[in-house]
Structure formats: C-alpha cells, structure tokens
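Let me begin by presenting the structure, written as structure tokens, before commenting on it.
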Amino acid sequence: MSIRGEQKLINEIGTEGLMFEAADPDVFAWYIKNYGADVNLFVDHSQIVQLECLRAGIWGTKSLWGRVVTYKESRE
C-alpha cells in the first residue's frame with residue numbers, strides 16, 4: 001500500500017482502528033515519527049523492547065531524539 005493509501009485509511013478510520021506492519025526499526029521509527037507513539041504496530045517479537053524504548057523516548061536515532069513525547073496526565 002502506498003503512503004497516500006495509508007493516509008486515506010487513517011483519515012477515514014483513524015490510527016486507533018488500524019495496525020501497520022513494521023518489519024524493521026527504520027520502519028517503526030518512521031511510523032512513530034509521523035503518527036505518534038501510540039500508533040498500533042505489528043513487529044517481530046525480537047524487536048518489542050526496541051520499539052517500546054523508542055515509544056518511551058529513551059532510545060532513538062538522531063532524527064527522533066527528543067521528538068517522541070509520551071507524557072499522559074493521571075486519571076485521578
């Protein structure tokens with residue numbers, strides 16, 4: 001699927017209702033950079049720690065460092 005096709009789906013459904021396959025770290029970094037840390041990604045089990053560190057902002061390449069924000073207010 002092309003990026004335009006993905007964008008059309010995202011506009012119609014939203015990222016909450018979609019899951020994207022990200023087969024390598026550069027791909028899941030791209031999704032996080034473009035759609036945020038909460039984007040639903042299907043990754044290989046051996047990459048889960050790397051993905052979650054990227055989502056938390058404690059790992060990343062120069063292009064992502066400092067751009068991932070995951071702060072959420074408590075519900076209390």
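Every chain in the structure tokens takes a letter, A first, then B, and so on in the order presented; its residues are numbered from 1, and the ligands are numbered from 1 following the presented order.
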**OP:** Mind checking which residues fall within 9 Å of A:Leu18, counting only C-alpha atoms, ignoring those fewer than 6 positions away in the same chain, and posting them as a VMD selection string?
**Re:** chain A and resid 9 to 10 39 to 41
May I have the residues from that selection written out with N, CA, C and O atoms, as a compact mmCIF listing (two decimals), in the first residue's frame?
# COMPACT_ATOMS: atom_id res chain seq x y z
N LEU A 9 -6.81 5.85 4.54
CA LEU A 9 -7.38 4.99 5.58
C LEU A 9 -7.35 5.67 6.94
O LEU A 9 -8.31 5.62 7.70
N ILE A 10 -6.23 6.31 7.25
CA ILE A 10 -6.11 7.00 8.53
C ILE A 10 -7.13 8.12 8.64
O ILE A 10 -7.76 8.30 9.68
N VAL A 39 0.78 4.75 17.90
CA VAL A 39 0.37 4.07 16.68
C VAL A 39 0.48 2.56 16.89
O VAL A 39 1.39 2.07 17.55
N ASN A 40 -0.49 1.81 16.37
CA ASN A 40 -0.51 0.35 16.51
C ASN A 40 0.41 -0.27 15.47
O ASN A 40 0.18 -0.14 14.27
N LEU A 41 1.45 -0.96 15.96
CA LEU A 41 2.42 -1.57 15.06
C LEU A 41 2.53 -3.06 15.32
O LEU A 41 2.56 -3.50 16.47
Original post:
With only C-alpha atoms as the atoms that count, which of A:Val43, A:Ala37, A:Tyr31, A:Pro25 lies nearest to A:Gln7?
Top reply: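 Counting only C-alpha atoms, the residue closest to A:Gln7 is A:Tyr31.
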